[in-house]
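A.B. asks: The structure follows.
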Amino acid sequence: MTAPASILEVQHLSMRFGGIVAVNDLSFDVRRGDITALIGPNGAGKTTVFNCITGFYKPTTGMLRLTHADSREFLLERLLDYRVSKVAKVARTFQNIRLFAGMTALENLMVAQHNRLMRASGFSFLGLLGAPTFHTAEHDAIERARYWLDRIGLTARADDAAGSLPYGDQRRLEIARAMCSEPALLCLDEPAAGLNAREGEALSELLLAIRKEHGTSILLIEHDMSVVMEIADRIVVLDYGVKIAEGTPREIRDDPKVIAAYLGADEKAAIEVMEQDA
Ligand SMILES: Nc1ncnc2c1ncn2[C@@H]1O[C@H](COP(=O)(O)OP(=O)(O)OP(=O)(O)O)[C@@H](O)[C@H]1O
């Protein structure tokens, strides 16, 4: 059986906060194995969409259907947030870094596998008895953590406190931590924020490698257009909670509606700017 082409279908999603309509009747698909970017000016509703997908918010209306490669379906709007990560296998990073700063880099990657280890330990009982299933799970968890440390070039700093690492390394460690839970869908909220050009390139390389080597579908919010244009397969553009465009990086770059939204101008003014640039 071939895996369904879309890993996530967002259908008619709306989210209201009192009188504010943060997301308004939004529909788009995240294709399996693609890097999809969600972009738009400040306040467009991007983080609200993420919060609905990851179960932090219950949408006012709409459906969020996630389909695993084996065709198992999950309606994310009906799941509690911990089940979105644990059962539906959606992992997420945040705009601000949320590592455990006092724990080592390796420990941060082990904590991410806590659920799996707890299950293998029979919720402590089998672990205390030293059951082989627990030892195997523990060994696998360490191997997985070491793999990801190596993948982000931090093996030599495995025992350093996460908070003492350079900012770019912390960003990539967060992504590695999310990958330790072996997600079907990886949601990244502004992973390039605060990175310099070199760190931005290292991030792009990491995300392209995750897609290529692990086949993980990625949905990212990003303001850094150089990163978006370089790595995204498809882009969805939001403005005032509404989808104003969707397409390949090339299609989006030349779309007057998108340029107008970013300039805070109307479409006619945007076309004039494009003609001046040409
Ligand atoms: N919990 C909330 N309560 C009330 N209003 C909210 C809440 N969360 C978001 N909003 C409002 O919803 C709108 C969309 O916000 P959101 O943070 O989703 O935008 P964004 O595109 O992620 O912006 P940015 O790029 O600045 O992070 C804004 O007007 C914001 O003030």
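Here's how to read the names in the structure tokens: chain A, B, ... by the order shown, residue numbers from 1 in each chain, ligand numbers from 1 in the order shown.
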I'd like the contact shell of Arg250 in chain A - 12 Å cut-off, only C-alpha atoms, skipping same-chain residues fewer than 4 positions apart - returned as a list in words.

C.D. replies: Met225, Val228, Met229, Glu230, Ile231, Ala232, Asp233, Arg234, Ile235, Glu246, Asp254, Asp255 and Val258 of chain A

A.B. asks: Using N, CA and C atoms, can you write the selected residues to a file as a tab-separated table (two decimals), in the first residue's frame?

C.D. replies:
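Ended up saving to again-v5.tsv:
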```tsv
chain	number	residue	atom	x	y	z
A	225	MET	N	14.09	34.72	4.89
A	225	MET	CA	13.70	34.28	3.54
A	225	MET	C	14.81	33.53	2.83
A	228	VAL	N	14.20	30.02	3.88
A	228	VAL	CA	12.96	29.52	3.29
A	228	VAL	C	13.14	29.22	1.80
A	229	MET	N	13.72	30.18	1.09
A	229	MET	CA	13.86	30.02	-0.37
A	229	MET	C	14.81	28.88	-0.71
A	230	GLU	N	15.79	28.64	0.17
A	230	GLU	CA	16.77	27.60	-0.12
A	230	GLU	C	16.21	26.20	0.13
A	231	ILE	N	15.43	26.03	1.19
A	231	ILE	CA	15.10	24.65	1.57
A	231	ILE	C	13.64	24.25	1.37
A	232	ALA	N	12.73	25.22	1.26
A	232	ALA	CA	11.31	24.83	1.22
A	232	ALA	C	10.93	24.23	-0.13
A	233	ASP	N	10.14	23.16	-0.08
A	233	ASP	CA	9.56	22.62	-1.31
A	233	ASP	C	8.32	23.42	-1.67
A	234	ARG	N	7.55	23.77	-0.64
A	234	ARG	CA	6.33	24.56	-0.84
A	234	ARG	C	6.21	25.60	0.25
A	235	ILE	N	5.53	26.69	-0.08
A	235	ILE	CA	5.35	27.78	0.87
A	235	ILE	C	3.87	28.14	0.93
A	246	GLU	N	0.06	30.26	-2.13
A	246	GLU	CA	0.63	28.95	-1.85
A	246	GLU	C	1.36	28.50	-3.12
A	254	ASP	N	7.65	35.76	-6.71
A	254	ASP	CA	7.18	36.67	-7.75
A	254	ASP	C	5.70	37.03	-7.60
A	255	ASP	N	5.10	36.71	-6.47
A	255	ASP	CA	3.66	36.94	-6.31
A	255	ASP	C	3.40	38.35	-5.73
A	258	VAL	N	1.96	38.67	-2.23
A	258	VAL	CA	2.88	38.38	-1.12
A	258	VAL	C	3.77	39.60	-0.85
```

A.B. asks: Kindly provide, as a list in words, all nucleotide and amino acid residues lying within 8 Å of ligand 1, counting only C-alpha atoms and all ligand atoms.

C.D. replies: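 Taking only C-alpha atoms and all ligand atoms into account, the residues around ligand 1 at most 8 Å away are Arg16, Phe17, Gly18, Ile20, Val21, Ala22, Val23, Ile39, Gly40, Pro41, Asn42, Gly43, Ala44, Gly45, Lys46, Thr47, Thr48, Val49, Gln95, Ile221, His223, Leu238, Asp239, Tyr240 and Gly241 of chain A.
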
A.B. asks: With C-alpha atoms retained, export the selected residues as a PDB file, in the first residue's frame.

C.D. replies:
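Result file is result_25.pdb:
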```
ATOM      1  CA  ARG A  16     -10.826  33.241  17.469  1.00  0.00           C
ATOM      2  CA  PHE A  17      -9.679  34.964  20.660  1.00  0.00           C
ATOM      3  CA  GLY A  18     -12.688  37.005  21.752  1.00  0.00           C
ATOM      4  CA  ILE A  20      -9.793  38.695  17.253  1.00  0.00           C
ATOM      5  CA  VAL A  21      -9.861  36.254  14.353  1.00  0.00           C
ATOM      6  CA  ALA A  22      -6.261  35.010  14.407  1.00  0.00           C
ATOM      7  CA  VAL A  23      -6.824  32.334  11.741  1.00  0.00           C
ATOM      8  CA  ILE A  39       5.334  32.555   6.227  1.00  0.00           C
ATOM      9  CA  GLY A  40       3.666  35.926   6.613  1.00  0.00           C
ATOM     10  CA  PRO A  41       4.101  39.305   8.311  1.00  0.00           C
ATOM     11  CA  ASN A  42       4.069  39.666  12.121  1.00  0.00           C
ATOM     12  CA  GLY A  43       0.715  38.794  13.619  1.00  0.00           C
ATOM     13  CA  ALA A  44      -0.422  36.884  10.497  1.00  0.00           C
ATOM     14  CA  GLY A  45      -1.463  33.861  12.592  1.00  0.00           C
ATOM     15  CA  LYS A  46       1.440  31.472  11.984  1.00  0.00           C
ATOM     16  CA  THR A  47       2.129  30.544  15.619  1.00  0.00           C
ATOM     17  CA  THR A  48      -1.594  30.168  16.230  1.00  0.00           C
ATOM     18  CA  VAL A  49      -1.702  27.566  13.434  1.00  0.00           C
ATOM     19  CA  GLN A  95      10.434  30.575  18.977  1.00  0.00           C
ATOM     20  CA  ILE A 221       7.568  29.057  10.390  1.00  0.00           C
ATOM     21  CA  HIS A 223      11.065  34.952   8.732  1.00  0.00           C
ATOM     22  CA  LEU A 238      -0.689  33.982   5.603  1.00  0.00           C
ATOM     23  CA  ASP A 239      -1.788  37.571   6.110  1.00  0.00           C
ATOM     24  CA  TYR A 240      -4.323  38.600   8.760  1.00  0.00           C
ATOM     25  CA  GLY A 241      -5.137  34.940   9.381  1.00  0.00           C
TER      26      GLY A 241
END
```

A.B. asks: Which residues of range 15-91 of chain A have any atom within 8 Å of an atom in range 180-203 of chain A when counting only C-alpha atoms, and what is the closest pair of atoms for each, with the distance in Å to one decimal? Order the rows by chain and rising number and write it as CSV.

C.D. replies:
```
residue,atom,partner,partner_atom,distance
A:Thr47,CA,A:Asp189,CA,7.3
A:Phe50,CA,A:Cys187,CA,7.4
A:His68,CA,A:Ala184,CA,6.9
A:Ser85,CA,A:Pro183,CA,7.9
A:Ala88,CA,A:Ala184,CA,7.7
A:Lys89,CA,A:Pro183,CA,4.7
A:Val90,CA,A:Leu185,CA,4.9
A:Ala91,CA,A:Leu186,CA,5.0
```

A.B. asks: Taking only C-alpha atoms into account, which of A:Thr36, A:Ser14, A:Asn96, A:Thr67 comes nearest Leu219 in chain A?

C.D. replies: A:Thr36

A.B. asks: Of the residues A:Glu174, A:Glu143, A:Glu77, A:Asp159, which is the one nearest to Leu99 in chain A, using only C-alpha atoms?

C.D. replies: A:Glu174

A.B. asks: Mind the document's chain letters and residue numbers, and return as a list in words the residues of range 51-211 of chain A that DSSP labels strand (DSSP E).

C.D. replies: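 Across range 51-211 of chain A, those assigned strand (DSSP E) are Thr61, Gly62, Met63, Leu64, Arg65, Leu66, Thr67, Glu73, Phe74, Leu75, Val90, Ala91, Arg92, Thr93, Leu185, Leu186, Cys187, Leu188 and Asp189 of chain A.
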
A.B. asks: Counting only C-alpha atoms, which of A:Ala112, A:Val237, A:Ile218, A:Val242 gets nearest to Tyr262 in chain A?

C.D. replies: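 Nearest to Tyr262 in chain A: A:Val237.
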
A.B. asks: Can you list every residue in range 63-96 of chain A that DSSP puts in alpha helix (DSSP H), as a JSON list (two decimals) with N, CA and C atoms, in the first residue's frame?

C.D. replies:
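Output file states_7.json is given in full below:
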```
[["chain", "number", "residue", "atom", "x", "y", "z"],
["A", 81, "ASP", "N", -2.73, 17.73, 24.03],
["A", 81, "ASP", "CA", -1.41, 18.04, 23.47],
["A", 81, "ASP", "C", -0.39, 16.91, 23.66],
["A", 82, "TYR", "N", -0.40, 16.24, 24.82],
["A", 82, "TYR", "CA", 0.62, 15.20, 25.03],
["A", 82, "TYR", "C", 0.38, 14.01, 24.11],
["A", 83, "ARG", "N", -0.88, 13.81, 23.69],
["A", 83, "ARG", "CA", -1.16, 12.70, 22.77],
["A", 83, "ARG", "C", -0.79, 13.08, 21.33],
["A", 84, "VAL", "N", -0.83, 14.39, 21.03],
["A", 84, "VAL", "CA", -0.40, 14.82, 19.69],
["A", 84, "VAL", "C", 1.07, 14.45, 19.50],
["A", 85, "SER", "N", 1.88, 14.65, 20.57],
["A", 85, "SER", "CA", 3.30, 14.30, 20.42],
["A", 85, "SER", "C", 3.52, 12.80, 20.58],
["A", 86, "LYS", "N", 2.86, 12.21, 21.56],
["A", 86, "LYS", "CA", 3.15, 10.81, 21.88],
["A", 86, "LYS", "C", 2.54, 9.83, 20.86]]
```

A.B. asks: Considering only C-alpha atoms, state which residue in the set A:Gly264, A:Gly33, A:Gly62, A:Gly102 is at the smallest distance from Glu213 in chain A.

C.D. replies: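 For Glu213 in chain A, the nearest of the given residues is A:Gly33.
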
A.B. asks: With only C-alpha atoms as the counted atoms, please give the residues lying no more than 9 Å from Lys243 in chain A, apart from itself and same-chain residues fewer than 6 positions off, as a list of chain:residue names.

C.D. replies: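 The filter keeps A:Asn24, A:Asp25, A:Leu26, A:Ser27, A:Phe28, A:Val236, A:Val237.
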